[in-house]
file work_36.csv (CSV, C-alpha atoms (C1' of nucleotides))
chain,number,residue,atom,x,y,z
A,776,MET,CA,0.0,0.0,0.0
A,777,SER,CA,1.3,3.4,-0.9
A,778,SER,CA,-0.6,5.1,1.8
A,779,ASP,CA,1.4,3.3,4.5
A,780,ASN,CA,3.6,6.3,4.8
A,781,LEU,CA,0.7,8.5,5.5
A,782,THR,CA,-0.2,6.7,8.6
A,783,LYS,CA,3.1,5.8,10.1
A,784,PRO,CA,4.8,9.0,11.1
A,785,THR,CA,7.8,8.8,13.5
A,786,GLU,CA,7.5,10.5,16.9
A,787,SER,CA,9.3,13.6,15.6
A,788,GLU,CA,7.1,13.7,12.6
A,789,LEU,CA,4.0,13.4,14.8
A,790,GLU,CA,5.1,16.4,16.9
A,791,ILE,CA,5.3,18.4,13.8
A,792,LEU,CA,2.0,17.1,12.4
A,793,GLN,CA,0.2,18.1,15.5
A,794,ILE,CA,1.4,21.6,15.1
A,795,LEU,CA,0.4,21.7,11.4
A,796,TRP,CA,-3.0,20.2,12.2
A,797,GLU,CA,-3.7,22.9,14.6
A,798,LYS,CA,-2.2,25.9,12.8
A,799,GLY,CA,-2.8,25.0,9.3
A,800,ASN,CA,0.0,26.7,7.4
A,801,CYS,CA,3.4,27.2,8.9
A,802,THR,CA,6.9,28.1,8.0
A,803,VAL,CA,9.7,25.9,9.3
A,804,ARG,CA,10.6,28.8,11.7
A,805,GLU,CA,7.1,28.9,13.2
A,806,VAL,CA,7.1,25.1,13.7
A,807,HIS,CA,10.6,25.3,15.2
A,808,GLU,CA,9.6,28.0,17.7
A,809,ILE,CA,6.7,25.9,19.0
A,810,LEU,CA,8.8,22.7,19.1
A,811,THR,CA,11.5,24.4,21.1
A,812,GLN,CA,9.1,25.5,23.8
A,813,ASN,CA,9.2,22.0,25.0
A,814,LYS,CA,12.6,20.6,24.0
A,815,GLU,CA,16.0,21.5,22.6
A,816,ALA,CA,16.5,21.3,18.9
A,817,GLY,CA,18.6,22.9,16.2
A,818,TYR,CA,16.8,24.8,13.5
A,819,THR,CA,18.3,22.6,10.7
A,820,THR,CA,17.1,19.6,12.5
A,821,THR,CA,13.5,20.7,12.3
A,822,LEU,CA,14.1,21.8,8.7
A,823,LYS,CA,15.5,18.4,7.8
A,824,ILE,CA,12.6,16.5,9.3
A,825,MET,CA,10.1,18.6,7.6
A,826,GLN,CA,11.9,18.1,4.3
A,827,ILE,CA,11.8,14.3,4.9
A,828,MET,CA,8.2,14.5,5.7
A,829,HIS,CA,7.7,16.2,2.4
A,830,GLU,CA,9.6,13.4,0.6
A,831,LYS,CA,7.3,10.9,2.3
A,832,GLY,CA,4.2,12.8,1.4
A,833,LEU,CA,3.2,13.6,4.9
A,834,VAL,CA,3.1,17.4,4.2
A,835,LYS,CA,2.9,19.6,1.2
A,836,ARG,CA,4.6,22.9,0.8
A,837,ASP,CA,4.4,26.1,-1.1
A,838,THR,CA,7.8,27.1,-2.5
A,839,SER,CA,6.7,30.1,-4.5
A,840,SER,CA,8.6,32.4,-2.1
A,841,LYS,CA,11.9,31.8,-0.6
A,842,THR,CA,10.4,31.0,2.8
A,843,HIS,CA,8.5,27.8,2.2
A,844,ILE,CA,5.0,27.3,3.7
A,845,TYR,CA,4.2,23.9,5.0
A,846,SER,CA,0.9,22.2,5.7
A,847,ALA,CA,-0.2,18.7,6.6
A,848,LEU,CA,-1.2,16.2,4.0
A,849,ALA,CA,-1.7,13.2,6.4
A,850,SER,CA,-5.2,13.4,7.8
A,851,GLN,CA,-5.5,13.8,11.5
A,852,GLN,CA,-8.4,11.4,11.7
A,853,LYS,CA,-6.7,8.6,9.7
A,854,THR,CA,-3.4,9.0,11.5
A,855,GLN,CA,-5.0,8.8,14.9
A,856,GLN,CA,-7.0,5.9,13.9
A,857,HIS,CA,-4.0,4.0,12.7
A,858,LEU,CA,-2.0,4.7,15.8
A,859,VAL,CA,-4.8,3.6,18.1
A,860,SER,CA,-5.3,0.4,16.2
A,861,ARG,CA,-1.7,-0.3,16.3
A,862,LEU,CA,-1.5,0.3,20.0
A,863,ILE,CA,-4.5,-1.9,20.6
A,864,ASP,CA,-3.0,-4.8,18.7
A,865,ASN,CA,0.5,-4.1,19.9
A,866,ALA,CA,0.1,-3.8,23.6
A,867,PHE,CA,-3.5,-4.6,24.5
A,868,SER,CA,-3.9,-8.0,22.8
A,869,GLY,CA,-6.5,-6.5,20.4
A,870,SER,CA,-8.9,-5.4,23.1
A,871,ALA,CA,-10.1,-1.8,22.6
A,872,ALA,CA,-11.9,-1.9,25.9
A,873,ARG,CA,-8.8,-2.6,27.9
A,874,LEU,CA,-7.1,0.3,26.3
A,875,VAL,CA,-10.0,2.6,27.0
A,876,MET,CA,-10.0,1.7,30.6
A,877,GLN,CA,-6.3,2.2,30.9
A,878,ALA,CA,-6.7,5.6,29.3
A,879,LEU,CA,-9.5,6.7,31.5
A,880,GLY,CA,-8.1,5.3,34.7
A,881,ASN,CA,-4.8,7.1,34.5
A,882,HIS,CA,-5.4,10.3,32.7
A,883,THR,CA,-7.5,12.6,34.8
A,884,SER,CA,-10.6,13.2,32.7
A,885,SER,CA,-13.1,15.8,33.5
A,886,LYS,CA,-16.7,15.0,34.3
A,887,ASP,CA,-17.7,16.5,31.0
A,888,GLU,CA,-15.4,14.3,29.2
A,889,ILE,CA,-16.8,11.2,30.9
A,890,GLU,CA,-20.3,12.3,30.1
A,891,GLU,CA,-19.4,12.8,26.5
A,892,ILE,CA,-18.0,9.3,26.4
A,893,LYS,CA,-21.2,7.8,27.9
A,894,LYS,CA,-23.3,9.5,25.4
A,895,TYR,CA,-21.0,8.2,22.7
A,896,LEU,CA,-21.4,4.6,24.0
A,897,ASN,CA,-25.2,4.9,24.0
A,898,GLU,CA,-25.1,5.9,20.4
A,899,LEU,CA,-22.9,2.9,19.6
A,900,ASP,CA,-25.6,0.7,21.3
A,901,ASN,CA,-28.3,2.0,19.0
A,902,LYS,CA,-26.6,0.8,15.8
B,463,MET,CA,15.3,7.8,35.7
B,464,SER,CA,16.5,4.3,35.5
B,465,SER,CA,13.0,2.8,35.0
B,466,ASP,CA,12.8,4.6,31.7
B,467,ASN,CA,13.8,1.4,29.9
B,468,LEU,CA,11.1,-0.5,31.6
B,469,THR,CA,8.4,1.6,30.0
B,470,LYS,CA,9.7,2.2,26.5
B,471,PRO,CA,10.0,-1.1,24.8
B,472,THR,CA,10.5,-1.2,21.0
B,473,GLU,CA,7.8,-2.7,18.8
B,474,SER,CA,9.6,-6.0,18.6
B,475,GLU,CA,10.1,-6.0,22.3
B,476,LEU,CA,6.4,-5.3,22.9
B,477,GLU,CA,5.4,-8.3,20.8
B,478,ILE,CA,7.6,-10.5,22.9
B,479,LEU,CA,6.4,-8.9,26.2
B,480,GLN,CA,2.8,-9.6,25.2
B,481,ILE,CA,3.6,-13.3,24.9
B,482,LEU,CA,5.5,-13.4,28.2
B,483,TRP,CA,2.7,-11.5,30.0
B,484,GLU,CA,0.2,-14.1,28.8
B,485,LYS,CA,2.3,-17.3,29.1
B,486,GLY,CA,4.4,-16.4,32.1
B,487,ASN,CA,7.5,-18.5,31.5
B,488,CYS,CA,8.8,-19.3,28.0
B,489,THR,CA,11.8,-20.6,26.2
B,490,VAL,CA,13.1,-18.6,23.2
B,491,ARG,CA,11.8,-21.4,21.1
B,492,GLU,CA,8.3,-21.1,22.4
B,493,VAL,CA,8.2,-17.3,21.9
B,494,HIS,CA,9.6,-17.8,18.5
B,495,GLU,CA,7.0,-20.3,17.5
B,496,ILE,CA,4.2,-17.9,18.5
B,497,LEU,CA,5.8,-14.9,16.8
B,498,THR,CA,6.2,-16.7,13.5
B,499,GLN,CA,2.5,-17.5,13.4
B,500,ASN,CA,2.1,-13.9,12.3
B,501,LYS,CA,5.3,-13.0,10.6
B,502,GLU,CA,8.6,-14.2,9.2
B,503,ALA,CA,11.6,-14.2,11.5
B,504,GLY,CA,14.8,-16.2,12.0
B,505,TYR,CA,15.3,-18.0,15.3
B,506,THR,CA,18.5,-16.1,16.1
B,507,THR,CA,16.7,-12.9,15.6
B,508,THR,CA,14.2,-13.7,18.3
B,509,LEU,CA,17.0,-14.9,20.5
B,510,LYS,CA,19.0,-11.7,20.0
B,511,ILE,CA,16.1,-9.5,20.8
B,512,MET,CA,15.3,-11.4,24.0
B,513,GLN,CA,19.0,-11.2,25.0
B,514,ILE,CA,18.9,-7.4,24.5
B,515,MET,CA,15.7,-7.3,26.5
B,516,HIS,CA,17.5,-9.1,29.2
B,517,GLU,CA,20.4,-6.5,29.1
B,518,LYS,CA,17.8,-3.7,29.4
B,519,GLY,CA,16.1,-5.4,32.3
B,520,LEU,CA,12.8,-5.9,30.5
B,521,VAL,CA,12.9,-9.7,31.2
B,522,LYS,CA,14.6,-12.0,33.6
B,523,ARG,CA,15.8,-15.5,32.8
B,524,ASP,CA,16.7,-18.7,34.4
B,525,THR,CA,19.9,-20.1,33.0
B,526,SER,CA,20.3,-23.1,35.3
B,527,SER,CA,19.6,-25.5,32.4
B,528,LYS,CA,21.0,-25.2,28.9
B,529,THR,CA,17.7,-24.0,27.6
B,530,HIS,CA,17.0,-20.7,29.3
B,531,ILE,CA,13.6,-19.8,30.6
B,532,TYR,CA,12.5,-16.2,30.2
B,533,SER,CA,9.8,-14.2,31.9
B,534,ALA,CA,8.7,-10.6,31.9
B,535,LEU,CA,10.1,-8.0,34.3
B,536,ALA,CA,8.4,-5.0,32.9
B,537,SER,CA,4.9,-4.8,34.4
B,538,GLN,CA,2.1,-5.0,31.9
B,539,GLN,CA,0.1,-2.4,33.7
B,540,LYS,CA,2.9,0.2,33.8
B,541,THR,CA,4.0,-0.4,30.3
B,542,GLN,CA,0.5,0.0,29.0
B,543,GLN,CA,-0.1,3.0,31.1
B,544,HIS,CA,3.0,4.6,29.7
B,545,LEU,CA,2.2,3.8,26.1
B,546,VAL,CA,-1.3,5.2,26.4
B,547,SER,CA,-0.1,8.4,28.0
B,548,ARG,CA,2.4,8.9,25.4
B,549,LEU,CA,-0.1,8.4,22.6
B,550,ILE,CA,-2.5,10.8,24.2
B,551,ASP,CA,0.1,13.5,24.5
B,552,ASN,CA,1.7,12.6,21.2
B,553,ALA,CA,-1.3,12.4,18.9
B,554,PHE,CA,-4.4,13.5,20.8
B,555,SER,CA,-3.3,16.8,22.2
B,556,GLY,CA,-3.6,15.4,25.7
B,557,SER,CA,-7.2,14.5,25.5
B,558,ALA,CA,-8.0,11.0,26.8
B,559,ALA,CA,-11.6,11.3,25.7
B,560,ARG,CA,-10.6,11.8,22.1
B,561,LEU,CA,-8.5,8.8,22.1
B,562,VAL,CA,-11.2,6.7,23.7
B,563,MET,CA,-13.7,7.7,21.1
B,564,GLN,CA,-11.3,7.0,18.3
B,565,ALA,CA,-10.6,3.6,19.8
B,566,LEU,CA,-14.2,2.6,20.3
B,567,GLY,CA,-15.3,4.0,16.9
B,568,ASN,CA,-13.0,2.0,14.8
B,569,HIS,CA,-12.3,-1.2,16.6
B,570,THR,CA,-15.4,-3.4,16.6
B,571,SER,CA,-16.1,-3.8,20.2
B,572,SER,CA,-18.5,-6.4,21.5
B,573,LYS,CA,-21.6,-5.5,23.5
B,574,ASP,CA,-20.1,-7.0,26.5
B,575,GLU,CA,-17.0,-4.9,26.2
B,576,ILE,CA,-19.1,-1.8,25.9
B,577,GLU,CA,-21.2,-2.7,28.9
B,578,GLU,CA,-18.0,-3.2,30.8
B,579,ILE,CA,-16.8,0.2,29.9
B,580,LYS,CA,-20.1,1.8,31.0
B,581,LYS,CA,-19.8,0.1,34.3
B,582,TYR,CA,-16.3,1.3,34.7
B,583,LEU,CA,-17.4,4.9,33.9
B,584,ASN,CA,-20.1,4.8,36.5
B,585,GLU,CA,-17.5,3.7,39.1
B,586,LEU,CA,-15.3,6.6,38.1
B,587,ASP,CA,-18.3,8.9,38.7
B,588,ASN,CA,-18.7,7.7,42.3
B,589,LYS,CA,-15.2,8.7,43.3
C,1291,DT,C1',31.8,-43.0,21.0
C,1292,DT,C1',30.4,-40.5,17.1
C,1293,DA,C1',27.1,-37.9,14.3
C,1294,DG,C1',23.5,-35.0,14.3
C,1295,DT,C1',20.4,-31.6,16.5
C,1296,DA,C1',19.3,-27.6,19.2
C,1297,DA,C1',20.7,-24.1,22.1
C,1298,DT,C1',23.5,-19.8,23.3
C,1299,DA,C1',26.9,-16.1,22.4
C,1300,DC,C1',28.9,-12.9,19.6
C,1301,DG,C1',29.8,-9.7,16.0
C,1302,DA,C1',28.7,-7.3,12.1
C,1303,DA,C1',25.8,-5.8,8.3
C,1304,DA,C1',21.6,-3.4,7.0
C,1305,DC,C1',18.4,0.0,7.9
C,1306,DA,C1',16.1,3.9,9.8
C,1307,DA,C1',15.7,8.1,12.6
C,1308,DT,C1',17.9,12.0,14.4
C,1309,DT,C1',21.1,15.6,14.6
C,1310,DC,C1',24.0,19.0,13.0
C,1311,DG,C1',27.8,21.4,10.2
C,1312,DT,C1',28.5,23.8,6.1
C,1313,DA,C1',27.6,25.7,1.6
C,1314,DA,C1',24.8,28.2,-1.5
C,1315,DA,C1',20.9,31.2,-2.5
C,1316,DT,C1',18.0,35.0,-1.3
C,1317,DA,C1',16.5,39.0,0.8
C,1318,DA,C1',17.0,42.9,3.8
C,1319,DA,C1',19.8,46.6,5.9
C,1320,DA,C1',23.7,49.6,6.2
D,628,DT,C1',27.0,48.1,-3.4
D,629,DT,C1',28.5,45.6,0.5
D,630,DT,C1',27.4,43.4,4.6
D,631,DT,C1',24.5,40.7,7.5
D,632,DA,C1',20.9,37.6,8.5
D,633,DT,C1',17.7,34.1,7.1
D,634,DT,C1',16.6,30.3,4.5
D,635,DT,C1',17.1,26.0,1.9
D,636,DA,C1',19.9,22.0,0.4
D,637,DC,C1',23.0,18.5,1.2
D,638,DG,C1',25.8,15.2,3.2
D,639,DA,C1',27.7,12.9,6.9
D,640,DA,C1',28.1,11.4,11.8
D,641,DT,C1',25.6,9.3,15.5
D,642,DT,C1',22.5,6.4,17.6
D,643,DG,C1',19.2,2.7,18.0
D,644,DT,C1',16.9,-1.4,16.1
D,645,DT,C1',16.6,-5.4,13.5
D,646,DT,C1',18.5,-9.2,11.2
D,647,DC,C1',21.3,-12.9,10.4
D,648,DG,C1',25.7,-15.7,9.8
D,649,DT,C1',29.0,-18.3,12.3
D,650,DA,C1',31.2,-20.4,16.3
D,651,DT,C1',30.8,-22.9,20.4
D,652,DT,C1',28.6,-25.7,23.7
D,653,DA,C1',25.5,-29.2,25.3
D,654,DC,C1',22.3,-32.8,24.6
D,655,DT,C1',20.3,-37.0,22.1
D,656,DA,C1',20.2,-40.9,19.4
D,657,DA,C1',22.5,-44.2,16.5

call {"tool": "encode", "arguments": {"input": "work_36.csv", "output": "structure tokens"}}
result
Amino acid sequence: MSSDNLTKPTESELEILQILWEKGNCTVREVHEILTQNKEAGYTTTLKIMQIMHEKGLVKRDTSSKTHIYSALASQQKTQQHLVSRLIDNAFSGSAARLVMQALGNHTSSKDEIEEIKKYLNELDNK
Amino acid sequence: MSSDNLTKPTESELEILQILWEKGNCTVREVHEILTQNKEAGYTTTLKIMQIMHEKGLVKRDTSSKTHIYSALASQQKTQQHLVSRLIDNAFSGSAARLVMQALGNHTSSKDEIEEIKKYLNELDNK
DNA sequence: TTAGTAATACGAAACAATTCGTAAATAAAA
DNA sequence: TTTTATTTACGAATTGTTTCGTATTACTAA
């Protein structure tokens, strides 16, 4: 499958994708500024990874001006779906329920969030 | 932190850990047989990975007889917890609820599983 | 005892991801 | 125009993972 690349970003690539998903269009500089709020990294490192992401088809870029503008090509929905499925298979013996309970148990979720999930479960029932 | 290794197994290591979590004690041969039900791999490859896991402290082994007996040292619970947290931070902007819904929406979960999760959510409410 | 089988140990090759130095191109400022 | 700063491009070093060939050791059966 040629779309394999689209769903298997590395961790560094994921960090960048998250920024692009949220911001839409970004220069390397903008992405780099956000990245380095949390961790150390050289500018050319960020640049290189984004160039590789372009080669892989994870992002597209507008090169009409000297400073290129990047945006995500990999869909947030599909990427998340793929990562979750892999984790379920990989570490939870294929049981989505076990992953869900692990996720809810240890990440402090607000009452609102829990209500939302209940609503969601009821909808699943009615199918 | 020295326990970092315990919670960041590679994918190959996770495959093996899953087997050890389920079976308890295993020889390399046993693990290898199970692994190769799903994918190709040479015996010495499986062996090598298990040896590295031993160096890293992910597994322990009994070497009193020629055929070594391996078992998991990394706790299933802690490893899963760590992986889920990372995924939530990494790909779901920190929202456990979003991950949960993604997980439930795309993995076909049985009615029993869904009931179990509902029960679990109600318990969470009562805390 | 000898031949064959199955195990471990070890090292190195192959591959992928990350990091960064340096050069070249472009644009902006002096 | 000349200098300075910013950007891209490229290549190479580093690190980590996976894979496997080969040697050695121990056990089993002929």

call {"tool": "calpha_fit_and_write", "arguments": {"input": "work_36.csv", "fixed": "chain B", "moving": "chain A", "output": "JSON list (two decimals) with C-alpha atoms, keeping the file's coordinate frame"}}
result
[["chain", "number", "residue", "atom", "x", "y", "z"],
["A", 776, "MET", "CA", 14.93, 7.68, 35.87],
["A", 777, "SER", "CA", 16.23, 4.17, 35.70],
["A", 778, "SER", "CA", 12.86, 2.70, 35.16],
["A", 779, "ASP", "CA", 12.52, 4.43, 31.78],
["A", 780, "ASN", "CA", 13.65, 1.28, 30.11],
["A", 781, "LEU", "CA", 10.94, -0.67, 31.71],
["A", 782, "THR", "CA", 8.26, 1.28, 30.08],
["A", 783, "LYS", "CA", 9.62, 1.98, 26.67],
["A", 784, "PRO", "CA", 9.88, -1.30, 24.86],
["A", 785, "THR", "CA", 10.35, -1.25, 21.04],
["A", 786, "GLU", "CA", 7.62, -2.81, 18.88],
["A", 787, "SER", "CA", 9.58, -6.08, 18.63],
["A", 788, "GLU", "CA", 10.12, -6.11, 22.32],
["A", 789, "LEU", "CA", 6.40, -5.51, 22.91],
["A", 790, "GLU", "CA", 5.48, -8.52, 20.73],
["A", 791, "ILE", "CA", 7.65, -10.62, 22.86],
["A", 792, "LEU", "CA", 6.39, -9.13, 26.13],
["A", 793, "GLN", "CA", 2.86, -9.90, 25.22],
["A", 794, "ILE", "CA", 3.73, -13.49, 24.76],
["A", 795, "LEU", "CA", 5.61, -13.63, 28.10],
["A", 796, "TRP", "CA", 2.75, -11.86, 29.87],
["A", 797, "GLU", "CA", 0.37, -14.42, 28.73],
["A", 798, "LYS", "CA", 2.47, -17.58, 29.05],
["A", 799, "GLY", "CA", 4.57, -16.75, 31.94],
["A", 800, "ASN", "CA", 7.76, -18.71, 31.38],
["A", 801, "CYS", "CA", 9.08, -19.41, 27.94],
["A", 802, "THR", "CA", 12.13, -20.59, 26.16],
["A", 803, "VAL", "CA", 13.37, -18.56, 23.21],
["A", 804, "ARG", "CA", 12.11, -21.44, 20.95],
["A", 805, "GLU", "CA", 8.57, -21.24, 22.34],
["A", 806, "VAL", "CA", 8.50, -17.44, 21.87],
["A", 807, "HIS", "CA", 9.92, -17.85, 18.35],
["A", 808, "GLU", "CA", 7.25, -20.39, 17.35],
["A", 809, "ILE", "CA", 4.44, -18.04, 18.40],
["A", 810, "LEU", "CA", 6.10, -15.00, 16.76],
["A", 811, "THR", "CA", 6.49, -16.83, 13.49],
["A", 812, "GLN", "CA", 2.81, -17.67, 13.28],
["A", 813, "ASN", "CA", 2.30, -14.15, 12.25],
["A", 814, "LYS", "CA", 5.52, -13.04, 10.54],
["A", 815, "GLU", "CA", 8.84, -14.23, 9.18],
["A", 816, "ALA", "CA", 11.81, -14.18, 11.46],
["A", 817, "GLY", "CA", 15.07, -16.01, 11.96],
["A", 818, "TYR", "CA", 15.54, -17.86, 15.20],
["A", 819, "THR", "CA", 18.73, -15.86, 16.08],
["A", 820, "THR", "CA", 16.84, -12.73, 15.55],
["A", 821, "THR", "CA", 14.35, -13.57, 18.25],
["A", 822, "LEU", "CA", 17.21, -14.82, 20.43],
["A", 823, "LYS", "CA", 19.09, -11.56, 19.99],
["A", 824, "ILE", "CA", 16.12, -9.41, 20.90],
["A", 825, "MET", "CA", 15.38, -11.37, 23.92],
["A", 826, "GLN", "CA", 19.01, -11.10, 25.00],
["A", 827, "ILE", "CA", 18.80, -7.29, 24.53],
["A", 828, "MET", "CA", 15.67, -7.20, 26.49],
["A", 829, "HIS", "CA", 17.50, -8.96, 29.24],
["A", 830, "GLU", "CA", 20.32, -6.37, 29.11],
["A", 831, "LYS", "CA", 17.68, -3.65, 29.43],
["A", 832, "GLY", "CA", 15.97, -5.35, 32.30],
["A", 833, "LEU", "CA", 12.75, -5.96, 30.53],
["A", 834, "VAL", "CA", 12.89, -9.76, 31.22],
["A", 835, "LYS", "CA", 14.69, -12.03, 33.56],
["A", 836, "ARG", "CA", 15.93, -15.46, 32.75],
["A", 837, "ASP", "CA", 16.88, -18.69, 34.34],
["A", 838, "THR", "CA", 20.20, -19.99, 32.98],
["A", 839, "SER", "CA", 20.60, -22.96, 35.27],
["A", 840, "SER", "CA", 20.10, -25.31, 32.29],
["A", 841, "LYS", "CA", 21.43, -24.91, 28.89],
["A", 842, "THR", "CA", 18.04, -23.90, 27.50],
["A", 843, "HIS", "CA", 17.35, -20.59, 29.16],
["A", 844, "ILE", "CA", 13.85, -19.79, 30.53],
["A", 845, "TYR", "CA", 12.63, -16.30, 30.07],
["A", 846, "SER", "CA", 9.92, -14.34, 31.83],
["A", 847, "ALA", "CA", 8.77, -10.74, 31.86],
["A", 848, "LEU", "CA", 10.07, -8.26, 34.34],
["A", 849, "ALA", "CA", 8.25, -5.15, 32.89],
["A", 850, "SER", "CA", 4.78, -5.05, 34.35],
["A", 851, "GLN", "CA", 1.94, -5.31, 31.93],
["A", 852, "GLN", "CA", -0.08, -2.70, 33.75],
["A", 853, "LYS", "CA", 2.74, -0.10, 33.91],
["A", 854, "THR", "CA", 3.79, -0.68, 30.32],
["A", 855, "GLN", "CA", 0.28, -0.26, 29.01],
["A", 856, "GLN", "CA", -0.22, 2.74, 31.04],
["A", 857, "HIS", "CA", 2.89, 4.38, 29.74],
["A", 858, "LEU", "CA", 2.08, 3.63, 26.15],
["A", 859, "VAL", "CA", -1.43, 5.01, 26.44],
["A", 860, "SER", "CA", -0.22, 8.17, 28.05],
["A", 861, "ARG", "CA", 2.32, 8.61, 25.43],
["A", 862, "LEU", "CA", -0.18, 8.11, 22.68],
["A", 863, "ILE", "CA", -2.56, 10.54, 24.29],
["A", 864, "ASP", "CA", 0.05, 13.27, 24.50],
["A", 865, "ASN", "CA", 1.64, 12.35, 21.21],
["A", 866, "ALA", "CA", -1.26, 12.19, 18.87],
["A", 867, "PHE", "CA", -4.39, 13.28, 20.73],
["A", 868, "SER", "CA", -3.23, 16.65, 22.12],
["A", 869, "GLY", "CA", -3.50, 15.27, 25.69],
["A", 870, "SER", "CA", -7.18, 14.43, 25.48],
["A", 871, "ALA", "CA", -7.95, 10.92, 26.79],
["A", 872, "ALA", "CA", -11.53, 11.25, 25.70],
["A", 873, "ARG", "CA", -10.68, 11.78, 22.08],
["A", 874, "LEU", "CA", -8.57, 8.72, 22.11],
["A", 875, "VAL", "CA", -11.28, 6.66, 23.71],
["A", 876, "MET", "CA", -13.74, 7.67, 21.12],
["A", 877, "GLN", "CA", -11.36, 6.91, 18.33],
["A", 878, "ALA", "CA", -10.78, 3.50, 19.85],
["A", 879, "LEU", "CA", -14.39, 2.68, 20.28],
["A", 880, "GLY", "CA", -15.53, 4.07, 16.97],
["A", 881, "ASN", "CA", -13.19, 2.03, 14.86],
["A", 882, "HIS", "CA", -12.59, -1.17, 16.65],
["A", 883, "THR", "CA", -15.72, -3.25, 16.70],
["A", 884, "SER", "CA", -16.49, -3.68, 20.38],
["A", 885, "SER", "CA", -19.02, -6.07, 21.64],
["A", 886, "LYS", "CA", -22.07, -4.98, 23.57],
["A", 887, "ASP", "CA", -20.58, -6.50, 26.67],
["A", 888, "GLU", "CA", -17.53, -4.54, 26.27],
["A", 889, "ILE", "CA", -19.48, -1.29, 25.95],
["A", 890, "GLU", "CA", -21.48, -2.15, 29.01],
["A", 891, "GLU", "CA", -18.36, -2.83, 30.96],
["A", 892, "ILE", "CA", -17.04, 0.55, 29.94],
["A", 893, "LYS", "CA", -20.25, 2.33, 31.07],
["A", 894, "LYS", "CA", -20.11, 0.71, 34.38],
["A", 895, "TYR", "CA", -16.49, 1.75, 34.65],
["A", 896, "LEU", "CA", -17.42, 5.41, 33.90],
["A", 897, "ASN", "CA", -20.14, 5.39, 36.57],
["A", 898, "GLU", "CA", -17.62, 4.28, 39.10],
["A", 899, "LEU", "CA", -15.27, 7.08, 38.04],
["A", 900, "ASP", "CA", -18.22, 9.53, 38.65],
["A", 901, "ASN", "CA", -18.62, 8.36, 42.22],
["A", 902, "LYS", "CA", -15.08, 9.33, 43.28]]

call {"tool": "residues_around", "arguments": {"input": "work_36.csv", "residues": "A:Ser860", "least_positions_apart": "2", "cutoff": "9 Å", "atoms": "all atoms listed in the file", "output": "number ranges by chain"}}
result
A: 855-858, 862-865, 869, 871; B: 565, 568-569

call {"tool": "interface_residues", "arguments": {"input": "work_36.csv", "of": "chain B", "to": "chain A", "cutoff": "6 Å", "atoms": "all atoms listed in the file", "output": "number ranges by chain"}}
result
B: 559, 562, 575

call {"tool": "interface_residues", "arguments": {"input": "work_36.csv", "of": "chain C", "to": "chain A", "cutoff": "7 Å", "atoms": "all atoms listed in the file", "output": "NGL selection string"}}
result
:C and (1309-1310 or 1316)

call {"tool": "closest_atom_pairs", "arguments": {"input": "work_36.csv", "of": "chain D", "to": "chain A", "cutoff": "12 Å", "atoms": "only C-alpha atoms (C1' of nucleotides)", "output": "tab-separated table"}}
result
residue	atom	partner	partner_atom	distance
D:DT633	C1'	A:Thr842	CA	9.0
D:DT634	C1'	A:Thr842	CA	6.5
D:DT635	C1'	A:Lys841	CA	8.2
D:DA636	C1'	A:Lys823	CA	9.3
D:DC637	C1'	A:Lys823	CA	10.0
D:DG638	C1'	A:Lys823	CA	11.7

call {"tool": "atom_distance", "arguments": {"input": "work_36.csv", "atom1": "atom CA of A:Met828", "atom2": "atom CA of A:Glu788"}}
result
7.0 Å

call {"tool": "atom_distance", "arguments": {"input": "work_36.csv", "atom1": "atom C1' of C:DA1318", "atom2": "atom CA of A:Ser839"}}
result
18.4 Å

call {"tool": "axis_aligned_box", "arguments": {"input": "work_36.csv", "around": "stretch 515-521 of chain B", "padding_each_side": "8 Å", "output": "AutoDock Vina command-line options"}}
result
--center_x 16.6 --center_y -6.7 --center_z 29.4 --size_x 23.6 --size_y 22.0 --size_z 21.8

call {"tool": "atom_distance", "arguments": {"input": "work_36.csv", "atom1": "atom C1' of D:DT645", "atom2": "atom C1' of C:DA1307"}}
result
13.6 Å

call {"tool": "residues_around", "arguments": {"input": "work_36.csv", "residues": "B:Asn487", "least_positions_apart": "3", "cutoff": "9 Å", "atoms": "only C-alpha atoms (C1' of nucleotides)", "output": "count of residues only"}}
result
8

call {"tool": "residues_near_point", "arguments": {"input": "work_36.csv", "point": "(26.8, -10.4, 15.9)", "cutoff": "9 Å", "atoms": "only C-alpha atoms (C1' of nucleotides)", "output": "list in words"}}
result
Lys510 of chain B; DA1299, DC1300, DG1301, DA1302 and DA1303 of chain C; DC647, DG648 and DT649 of chain D

call {"tool": "build_atoms", "arguments": {"input": "work_36.csv", "residues": "stretch 481-486 of chain B", "atoms": "N, CA and C atoms", "output": "PDB file, in the coordinates of the input"}}
result
ATOM      1  N   ILE B 481       3.608 -11.820  24.737  1.00  0.00           N
ATOM      2  CA  ILE B 481       3.600 -13.300  24.900  1.00  0.00           C
ATOM      3  C   ILE B 481       3.992 -13.690  26.286  1.00  0.00           C
ATOM      4  N   LEU B 482       5.016 -13.038  26.812  1.00  0.00           N
ATOM      5  CA  LEU B 482       5.500 -13.400  28.200  1.00  0.00           C
ATOM      6  C   LEU B 482       4.409 -13.025  29.204  1.00  0.00           C
ATOM      7  N   TRP B 483       3.729 -11.904  29.008  1.00  0.00           N
ATOM      8  CA  TRP B 483       2.700 -11.500  30.000  1.00  0.00           C
ATOM      9  C   TRP B 483       1.595 -12.603  29.990  1.00  0.00           C
ATOM     10  N   GLU B 484       1.301 -13.134  28.812  1.00  0.00           N
ATOM     11  CA  GLU B 484       0.200 -14.100  28.800  1.00  0.00           C
ATOM     12  C   GLU B 484       0.667 -15.489  29.262  1.00  0.00           C
ATOM     13  N   LYS B 485       1.844 -15.899  28.815  1.00  0.00           N
ATOM     14  CA  LYS B 485       2.300 -17.300  29.100  1.00  0.00           C
ATOM     15  C   LYS B 485       3.022 -17.411  30.411  1.00  0.00           C
ATOM     16  N   GLY B 486       3.597 -16.330  30.882  1.00  0.00           N
ATOM     17  CA  GLY B 486       4.400 -16.400  32.100  1.00  0.00           C
ATOM     18  C   GLY B 486       5.826 -16.795  31.787  1.00  0.00           C
TER      19      GLY B 486
END
